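J.: Take a look at the following structure, please.
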Amino acid sequence: MAEAVAGGDMRPFQTAFSREFLEAYQRGSLSYTYKGVPCLKSPIDLAIYLSLLWNEKPRTILEIGSKEGGSALLFHDVAAAFELGATVVSIDLEKPANPPPGDVRFLEGDVTNLDAVFEEHGLFSLPRPWLVVEDSAHTYSACLAALEFFRRHLRPGELLVIEDGVLAELGLSEDYDGGPNRAIADFFVRWPRAFEVVTGYCDMFGTNATYNPNGYLRRSPPASSDSTPSDPERRTAGRRRPHARG
Ligand SMILES: C[S@@+](CC[C@H](N)C(=O)[O-])C[C@H]1O[C@@H](n2cnc3c(N)ncnc32)[C@H](O)[C@@H]1O
């Protein structure tokens, strides 16, 4: 299993990339296509995902943020090549206008209201283990909503990837209200033991040499200290949520 650090020891979010390098790298990543379909992943993260899919062998890959379906198609094809027998579900506010051919289930849904789409389409019963890739709005509130939802619904050992914290180093934090990095940092203050940062993936090519700094997260086993938030005020709030899980 890839190495991990507990969230209580949250590391800096700075990536291994210089700003100069990132500008060109970002242009390439945003114009990348897979089988002719836009697939907005950085090449390093594509390599990390290939390795991750082989190591983790998810039976369900849940992507939030389909765009034109390129990354979902890539996940589908790699999972098929690895004979994982995995279902790929990709959720977006709007389904791709021209969904790529294949077995990906494209569904309409909002990252801030995942209960609705999961209930409507029976997603809670999808085969385990799950890999979840959050690649939708990238705002602070969207990322936090995904972290909270999957804290409740992932099982120990399953992975959640919060994508694109790199936007901070592209000077875009304000546009996203702090974006993924602020959401992960705040979430870990509140729930220090809910997830571990999987350094084996984040640091595969150098410390946080990824578009998803500290964003490859593994759901930790339940522990008493993780069953309630970390400060008294929030502990009170936590008791009001019947589905909150450690
Ligand atoms: C970065 S693109 C996804 C890229 C795609 N995963 C890929 O790698 O090719 C972000 C997508 O998130 C969708 N999105 C934005 N806000 C959303 C929300 N609140 N819930 C679900 N999807 C959302 C947008 O419609 C857009 O298609």
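Just remember, in the structure tokens the first chain shown is A, the second B, etc., residues are 1-based per chain, and ligands are 1-based in the order shown.
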Which of region 4-119 of chain A counts as helix (DSSP H, G or I) under DSSP, as a PyMOL selection string please?
T.: chain A and resi 7-9+19-31+43-56+70-81+111-119
J.: Export C-alpha atoms of the chosen residues as a short mmCIF file (atom, residue, chain, number, x, y, z; two decimals), in the first residue's frame?
T.:
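Result file follows (part_1.cif):
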data_model
loop_
_atom_site.label_atom_id
_atom_site.label_comp_id
_atom_site.auth_asym_id
_atom_site.auth_seq_id
_atom_site.Cartn_x
_atom_site.Cartn_y
_atom_site.Cartn_z
CA GLY A 7 -3.89 14.51 8.53
CA GLY A 8 -2.94 15.94 11.89
CA ASP A 9 0.51 16.47 10.37
CA ARG A 19 5.39 29.34 -11.75
CA GLU A 20 7.23 29.64 -15.06
CA PHE A 21 7.08 25.90 -15.62
CA LEU A 22 3.43 25.73 -14.59
CA GLU A 23 2.26 28.24 -17.16
CA ALA A 24 3.39 26.08 -20.08
CA TYR A 25 2.47 22.84 -18.31
CA GLN A 26 -1.03 24.19 -17.70
CA ARG A 27 -1.48 25.07 -21.37
CA GLY A 28 -0.58 21.51 -22.32
CA SER A 29 -2.78 19.97 -19.62
CA LEU A 30 -5.80 22.03 -20.66
CA SER A 31 -5.40 21.14 -24.32
CA PRO A 43 0.73 14.16 -17.53
CA ILE A 44 2.22 13.47 -14.11
CA ASP A 45 -1.25 12.88 -12.66
CA LEU A 46 -2.12 10.61 -15.57
CA ALA A 47 0.93 8.52 -14.63
CA ILE A 48 -0.05 8.56 -10.94
CA TYR A 49 -3.60 7.43 -11.81
CA LEU A 50 -2.29 4.54 -13.94
CA SER A 51 -0.24 3.28 -11.03
CA LEU A 52 -3.02 3.97 -8.52
CA LEU A 53 -5.61 2.06 -10.55
CA TRP A 54 -3.36 -0.98 -10.73
CA ASN A 55 -2.48 -0.82 -7.00
CA GLU A 56 -5.94 -0.07 -5.62
CA GLY A 70 -12.30 12.35 -21.67
CA SER A 71 -11.01 11.46 -18.21
CA ALA A 72 -13.97 9.15 -17.54
CA LEU A 73 -13.27 7.40 -20.85
CA LEU A 74 -9.60 7.05 -19.95
CA PHE A 75 -10.47 5.61 -16.50
CA HIS A 76 -12.89 3.21 -18.19
CA ASP A 77 -10.34 2.01 -20.75
CA VAL A 78 -7.53 1.58 -18.22
CA ALA A 79 -9.81 -0.27 -15.81
CA ALA A 80 -10.86 -2.56 -18.67
CA ALA A 81 -7.23 -3.15 -19.73
CA VAL A 111 -21.28 18.14 -5.97
CA THR A 112 -22.95 20.22 -3.27
CA ASN A 113 -25.96 17.87 -3.20
CA LEU A 114 -24.57 14.42 -3.85
CA ASP A 115 -27.19 12.72 -1.67
CA ALA A 116 -29.78 13.49 -4.35
CA VAL A 117 -27.92 11.90 -7.27
CA PHE A 118 -26.73 8.94 -5.17
CA GLU A 119 -30.26 8.21 -4.00
#
J.: Could you report the residues within 8 Å of ligand 1, using only C-alpha atoms and all ligand atoms, as a compact mmCIF listing (two decimals) with N, CA and C atoms, in the first residue's frame?
T.:
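Dumped to part.txt:
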# COMPACT_ATOMS: atom_id res chain seq x y z
N PRO A 38 -11.27 15.93 -25.11
CA PRO A 38 -10.52 16.68 -24.10
C PRO A 38 -10.48 15.93 -22.78
N CYS A 39 -9.30 15.87 -22.20
CA CYS A 39 -9.06 15.12 -20.96
C CYS A 39 -8.11 15.99 -20.14
N LEU A 40 -8.68 16.73 -19.19
CA LEU A 40 -7.93 17.82 -18.56
C LEU A 40 -7.11 17.33 -17.36
N LYS A 41 -6.14 16.50 -17.66
CA LYS A 41 -5.28 15.99 -16.59
C LYS A 41 -3.83 16.34 -16.93
N GLU A 63 -16.41 9.74 -10.68
CA GLU A 63 -15.80 11.04 -11.01
C GLU A 63 -16.87 12.12 -10.87
N ILE A 64 -16.48 13.22 -10.28
CA ILE A 64 -17.40 14.37 -10.23
C ILE A 64 -16.74 15.46 -11.06
N GLY A 65 -17.42 15.84 -12.13
CA GLY A 65 -16.84 16.78 -13.10
C GLY A 65 -16.48 16.03 -14.37
N SER A 66 -17.45 15.91 -15.29
CA SER A 66 -17.23 15.10 -16.50
C SER A 66 -16.59 15.90 -17.62
N LYS A 67 -16.98 17.19 -17.72
CA LYS A 67 -16.64 18.02 -18.89
C LYS A 67 -17.10 17.28 -20.14
N GLU A 68 -16.16 16.94 -21.03
CA GLU A 68 -16.57 16.24 -22.26
C GLU A 68 -16.44 14.73 -22.14
N GLY A 69 -15.99 14.27 -20.98
CA GLY A 69 -15.97 12.82 -20.76
C GLY A 69 -14.63 12.16 -21.00
N GLY A 70 -13.61 12.94 -21.32
CA GLY A 70 -12.30 12.35 -21.67
C GLY A 70 -11.65 11.59 -20.53
N SER A 71 -11.68 12.16 -19.32
CA SER A 71 -11.01 11.46 -18.21
C SER A 71 -11.82 10.23 -17.81
N ALA A 72 -13.15 10.32 -17.88
CA ALA A 72 -13.97 9.15 -17.54
C ALA A 72 -13.70 8.02 -18.54
N ILE A 91 -20.30 12.29 -12.85
CA ILE A 91 -21.41 13.18 -12.47
C ILE A 91 -21.03 14.62 -12.81
N ASP A 92 -21.97 15.35 -13.37
CA ASP A 92 -21.72 16.76 -13.70
C ASP A 92 -23.05 17.50 -13.65
N LEU A 93 -23.00 18.81 -13.54
CA LEU A 93 -24.23 19.60 -13.62
C LEU A 93 -24.95 19.32 -14.93
N GLU A 94 -24.14 19.13 -15.98
CA GLU A 94 -24.71 18.78 -17.31
C GLU A 94 -23.92 17.62 -17.88
N PRO A 96 -22.12 15.37 -20.76
CA PRO A 96 -21.45 15.78 -22.00
C PRO A 96 -22.43 15.79 -23.16
N GLU A 108 -26.45 13.45 -14.25
CA GLU A 108 -26.52 14.85 -13.82
C GLU A 108 -26.59 14.92 -12.31
N GLY A 109 -25.77 15.80 -11.75
CA GLY A 109 -25.79 15.97 -10.30
C GLY A 109 -24.88 17.11 -9.90
N ASP A 110 -25.07 17.56 -8.68
CA ASP A 110 -24.32 18.71 -8.16
C ASP A 110 -23.46 18.23 -7.00
N VAL A 111 -22.19 18.57 -7.04
CA VAL A 111 -21.28 18.14 -5.97
C VAL A 111 -21.75 18.62 -4.59
N THR A 112 -22.49 19.71 -4.56
CA THR A 112 -22.95 20.22 -3.27
C THR A 112 -24.24 19.53 -2.80
N ASP A 135 -13.38 16.47 -9.37
CA ASP A 135 -12.77 17.36 -10.38
C ASP A 135 -13.86 18.27 -10.95
N SER A 136 -14.62 18.90 -10.05
CA SER A 136 -15.75 19.70 -10.56
C SER A 136 -15.47 21.20 -10.44
N ALA A 137 -16.10 21.85 -9.45
CA ALA A 137 -16.05 23.31 -9.42
C ALA A 137 -14.74 23.87 -8.85
N HIS A 138 -14.07 23.07 -8.02
CA HIS A 138 -12.79 23.47 -7.39
C HIS A 138 -12.91 24.63 -6.41
N ALA A 142 -17.35 23.67 -2.74
CA ALA A 142 -17.56 22.42 -3.49
C ALA A 142 -16.63 21.32 -2.96
J.: Can you list, as an NGL selection string, all residues belonging to region 16-177 of chain A that DSSP tags as strand (DSSP E or B)?
T.: :A and (33-34 or 37-38 or 60-64 or 87-92 or 105-108 or 130-134 or 159-162)
J.: Write a file of the selected residues as a PDB file, in the first residue's frame, keeping N, CA and C atoms.
T.:
ATOM      1  N   THR A  33      -5.786  15.755 -25.094  1.00  0.00           N
ATOM      2  CA  THR A  33      -6.957  14.945 -25.469  1.00  0.00           C
ATOM      3  C   THR A  33      -6.613  13.466 -25.348  1.00  0.00           C
ATOM      4  N   TYR A  34      -7.629  12.682 -25.054  1.00  0.00           N
ATOM      5  CA  TYR A  34      -7.487  11.218 -25.045  1.00  0.00           C
ATOM      6  C   TYR A  34      -8.500  10.683 -26.054  1.00  0.00           C
ATOM      7  N   VAL A  37     -10.803  13.197 -27.295  1.00  0.00           N
ATOM      8  CA  VAL A  37     -11.749  13.867 -26.386  1.00  0.00           C
ATOM      9  C   VAL A  37     -10.938  14.644 -25.342  1.00  0.00           C
ATOM     10  N   PRO A  38     -11.265  15.929 -25.105  1.00  0.00           N
ATOM     11  CA  PRO A  38     -10.522  16.683 -24.099  1.00  0.00           C
ATOM     12  C   PRO A  38     -10.481  15.928 -22.776  1.00  0.00           C
ATOM     13  N   THR A  60     -15.425   0.447  -8.379  1.00  0.00           N
ATOM     14  CA  THR A  60     -16.231   1.577  -8.850  1.00  0.00           C
ATOM     15  C   THR A  60     -15.339   2.810  -8.891  1.00  0.00           C
ATOM     16  N   ILE A  61     -15.387   3.511 -10.022  1.00  0.00           N
ATOM     17  CA  ILE A  61     -14.671   4.789 -10.149  1.00  0.00           C
ATOM     18  C   ILE A  61     -15.746   5.857 -10.311  1.00  0.00           C
ATOM     19  N   LEU A  62     -15.792   6.747  -9.334  1.00  0.00           N
ATOM     20  CA  LEU A  62     -16.799   7.818  -9.312  1.00  0.00           C
ATOM     21  C   LEU A  62     -16.096   9.133  -9.574  1.00  0.00           C
ATOM     22  N   GLU A  63     -16.410   9.745 -10.676  1.00  0.00           N
ATOM     23  CA  GLU A  63     -15.799  11.036 -11.007  1.00  0.00           C
ATOM     24  C   GLU A  63     -16.865  12.118 -10.866  1.00  0.00           C
ATOM     25  N   ILE A  64     -16.485  13.223 -10.277  1.00  0.00           N
ATOM     26  CA  ILE A  64     -17.402  14.371 -10.233  1.00  0.00           C
ATOM     27  C   ILE A  64     -16.744  15.465 -11.063  1.00  0.00           C
ATOM     28  N   THR A  87     -17.022  -0.369 -12.618  1.00  0.00           N
ATOM     29  CA  THR A  87     -18.047   0.520 -13.159  1.00  0.00           C
ATOM     30  C   THR A  87     -17.507   1.942 -13.070  1.00  0.00           C
ATOM     31  N   VAL A  88     -17.692   2.732 -14.133  1.00  0.00           N
ATOM     32  CA  VAL A  88     -17.277   4.137 -14.083  1.00  0.00           C
ATOM     33  C   VAL A  88     -18.529   5.010 -14.164  1.00  0.00           C
ATOM     34  N   VAL A  89     -18.668   5.890 -13.170  1.00  0.00           N
ATOM     35  CA  VAL A  89     -19.800   6.819 -13.114  1.00  0.00           C
ATOM     36  C   VAL A  89     -19.221   8.217 -13.089  1.00  0.00           C
ATOM     37  N   SER A  90     -19.727   9.080 -13.942  1.00  0.00           N
ATOM     38  CA  SER A  90     -19.227  10.456 -13.982  1.00  0.00           C
ATOM     39  C   SER A  90     -20.410  11.418 -13.843  1.00  0.00           C
ATOM     40  N   ILE A  91     -20.300  12.292 -12.854  1.00  0.00           N
ATOM     41  CA  ILE A  91     -21.413  13.183 -12.472  1.00  0.00           C
ATOM     42  C   ILE A  91     -21.033  14.621 -12.811  1.00  0.00           C
ATOM     43  N   ASP A  92     -21.972  15.351 -13.368  1.00  0.00           N
ATOM     44  CA  ASP A  92     -21.720  16.758 -13.702  1.00  0.00           C
ATOM     45  C   ASP A  92     -23.053  17.503 -13.648  1.00  0.00           C
ATOM     46  N   ARG A 105     -21.213   5.626 -17.169  1.00  0.00           N
ATOM     47  CA  ARG A 105     -22.553   6.177 -16.844  1.00  0.00           C
ATOM     48  C   ARG A 105     -22.391   7.662 -16.566  1.00  0.00           C
ATOM     49  N   PHE A 106     -22.876   8.501 -17.439  1.00  0.00           N
ATOM     50  CA  PHE A 106     -22.845   9.950 -17.202  1.00  0.00           C
ATOM     51  C   PHE A 106     -24.167  10.344 -16.562  1.00  0.00           C
ATOM     52  N   LEU A 107     -24.091  11.003 -15.414  1.00  0.00           N
ATOM     53  CA  LEU A 107     -25.288  11.383 -14.665  1.00  0.00           C
ATOM     54  C   LEU A 107     -25.258  12.868 -14.348  1.00  0.00           C
ATOM     55  N   GLU A 108     -26.453  13.447 -14.250  1.00  0.00           N
ATOM     56  CA  GLU A 108     -26.521  14.847 -13.821  1.00  0.00           C
ATOM     57  C   GLU A 108     -26.588  14.917 -12.311  1.00  0.00           C
ATOM     58  N   TRP A 130     -14.309   1.757  -3.734  1.00  0.00           N
ATOM     59  CA  TRP A 130     -14.522   2.916  -4.595  1.00  0.00           C
ATOM     60  C   TRP A 130     -13.235   3.733  -4.720  1.00  0.00           C
ATOM     61  N   LEU A 131     -13.084   4.337  -5.902  1.00  0.00           N
ATOM     62  CA  LEU A 131     -12.129   5.441  -6.092  1.00  0.00           C
ATOM     63  C   LEU A 131     -12.982   6.638  -6.476  1.00  0.00           C
ATOM     64  N   VAL A 132     -12.848   7.740  -5.746  1.00  0.00           N
ATOM     65  CA  VAL A 132     -13.612   8.948  -6.062  1.00  0.00           C
ATOM     66  C   VAL A 132     -12.649  10.037  -6.522  1.00  0.00           C
ATOM     67  N   VAL A 133     -12.978  10.647  -7.652  1.00  0.00           N
ATOM     68  CA  VAL A 133     -12.159  11.740  -8.189  1.00  0.00           C
ATOM     69  C   VAL A 133     -13.027  12.988  -8.226  1.00  0.00           C
ATOM     70  N   GLU A 134     -12.720  13.933  -7.367  1.00  0.00           N
ATOM     71  CA  GLU A 134     -13.488  15.192  -7.325  1.00  0.00           C
ATOM     72  C   GLU A 134     -12.773  16.194  -8.227  1.00  0.00           C
ATOM     73  N   LEU A 159     -10.243   5.527  -1.624  1.00  0.00           N
ATOM     74  CA  LEU A 159      -9.531   6.770  -1.962  1.00  0.00           C
ATOM     75  C   LEU A 159     -10.460   7.863  -2.486  1.00  0.00           C
ATOM     76  N   LEU A 160     -10.143   9.073  -2.070  1.00  0.00           N
ATOM     77  CA  LEU A 160     -10.786  10.291  -2.601  1.00  0.00           C
ATOM     78  C   LEU A 160      -9.663  11.198  -3.100  1.00  0.00           C
ATOM     79  N   VAL A 161      -9.753  11.610  -4.356  1.00  0.00           N
ATOM     80  CA  VAL A 161      -8.757  12.540  -4.890  1.00  0.00           C
ATOM     81  C   VAL A 161      -9.421  13.905  -5.059  1.00  0.00           C
ATOM     82  N   ILE A 162      -8.888  14.890  -4.364  1.00  0.00           N
ATOM     83  CA  ILE A 162      -9.379  16.270  -4.509  1.00  0.00           C
ATOM     84  C   ILE A 162      -8.428  16.951  -5.490  1.00  0.00           C
TER      85      ILE A 162
END
J.: Taking only C-alpha atoms into account, which of A:Ser125, A:Pro221, A:Val197, A:Thr139 comes nearest Glu174 (chain A)?
T.: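 Going through A:Ser125, A:Pro221, A:Val197, A:Thr139 one by one, the smallest distance to Glu174 (chain A) is for A:Thr139.
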J.: Rounded to one decimal place, report the CA of Phe82 (chain A)-CA of Val166 (chain A) distance in Å.
T.: 29.2 Å
J.: Calculated over only C-alpha atoms, which of the candidates A:Leu154, A:Cys143, A:Cys202, A:Ala209 has the smallest distance to Tyr176 (chain A)?
T.: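 Of A:Leu154, A:Cys143, A:Cys202, A:Ala209, the one nearest Tyr176 (chain A) is A:Cys143, counting only C-alpha atoms.
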J.: With distances taken over only C-alpha atoms, which of A:Gly179, A:Gly85, A:Pro101, A:Pro12 is nearest to Gly36 (chain A)?
T.: A:Pro101
J.: Which residue out of A:Asp177, A:Glu196, A:Glu148, A:Glu83 has the minimum interatomic distance to Ser220 (chain A) when only C-alpha atoms are used?
T.: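 With only C-alpha atoms as the atom set, the closest residue is A:Glu196.
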J.: Between CA of Ala194 (chain A) and CA of Phe149 (chain A), what distance in Å does the model show, to one decimal?
T.: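 So the two atoms, CA of Ala194 (chain A) and CA of Phe149 (chain A), lie 11.8 Å apart.
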J.: Report as a list in words all protein, DNA and RNA residues lying within 12 Å of Gly178 (chain A), evaluated on only C-alpha atoms, omitting residues in the same chain fewer than 6 positions from it.
T.: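 The residues satisfying every condition are His138, Thr139, Tyr140, Ser141, Ala142, Cys143, Leu144, Asp164, Gly165, Val166, Leu167, Ala168, Glu169, Gly171, Leu172, Ile184, Ala185 and Asp186 of chain A.
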J.: Just to be explicit: take each residue in the selection above, keep N, CA and C atoms, and write the result as a compact mmCIF listing (two decimals), in the first residue's frame.
T.:
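Output file part.txt follows:
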# COMPACT_ATOMS: atom_id res chain seq x y z
N HIS A 138 -14.07 23.07 -8.02
CA HIS A 138 -12.79 23.47 -7.39
C HIS A 138 -12.91 24.63 -6.41
N THR A 139 -14.13 25.06 -6.12
CA THR A 139 -14.28 26.12 -5.10
C THR A 139 -14.12 25.50 -3.72
N TYR A 140 -13.87 26.38 -2.75
CA TYR A 140 -13.75 25.94 -1.36
C TYR A 140 -14.99 25.15 -0.95
N SER A 141 -16.16 25.71 -1.22
CA SER A 141 -17.39 25.06 -0.73
C SER A 141 -17.66 23.74 -1.45
N ALA A 142 -17.35 23.67 -2.74
CA ALA A 142 -17.56 22.42 -3.49
C ALA A 142 -16.63 21.32 -2.96
N CYS A 143 -15.37 21.68 -2.76
CA CYS A 143 -14.40 20.67 -2.28
C CYS A 143 -14.77 20.21 -0.87
N LEU A 144 -15.18 21.17 -0.04
CA LEU A 144 -15.56 20.81 1.33
C LEU A 144 -16.79 19.90 1.32
N ASP A 164 -6.70 19.59 -8.30
CA ASP A 164 -6.41 20.94 -8.77
C ASP A 164 -6.11 21.99 -7.70
N GLY A 165 -5.59 21.55 -6.56
CA GLY A 165 -5.06 22.51 -5.58
C GLY A 165 -3.96 23.37 -6.18
N VAL A 166 -3.40 22.92 -7.29
CA VAL A 166 -2.35 23.70 -7.97
C VAL A 166 -2.83 25.08 -8.37
N LEU A 167 -4.16 25.26 -8.43
CA LEU A 167 -4.65 26.57 -8.89
C LEU A 167 -4.13 27.71 -8.00
N ALA A 168 -3.78 27.37 -6.74
CA ALA A 168 -3.21 28.41 -5.87
C ALA A 168 -1.92 28.95 -6.47
N GLU A 169 -1.12 28.05 -7.02
CA GLU A 169 0.17 28.49 -7.58
C GLU A 169 0.03 29.10 -8.96
N GLY A 171 -2.08 31.44 -9.19
CA GLY A 171 -2.58 32.75 -8.78
C GLY A 171 -4.09 32.85 -8.80
N LEU A 172 -4.78 31.69 -8.70
CA LEU A 172 -6.24 31.69 -8.87
C LEU A 172 -7.02 31.45 -7.58
N ILE A 184 -9.14 21.38 1.99
CA ILE A 184 -8.46 20.22 2.60
C ILE A 184 -7.90 20.62 3.97
N ALA A 185 -7.24 21.79 4.02
CA ALA A 185 -6.64 22.22 5.30
C ALA A 185 -7.71 22.38 6.38
N ASP A 186 -8.80 23.03 6.05
CA ASP A 186 -9.86 23.25 7.05
C ASP A 186 -10.52 21.93 7.44
J.: What separation in Å, quoted to one decimal, exists between CA of Thr15 (chain A) and CA of Thr199 (chain A)?
T.: 12.6 Å
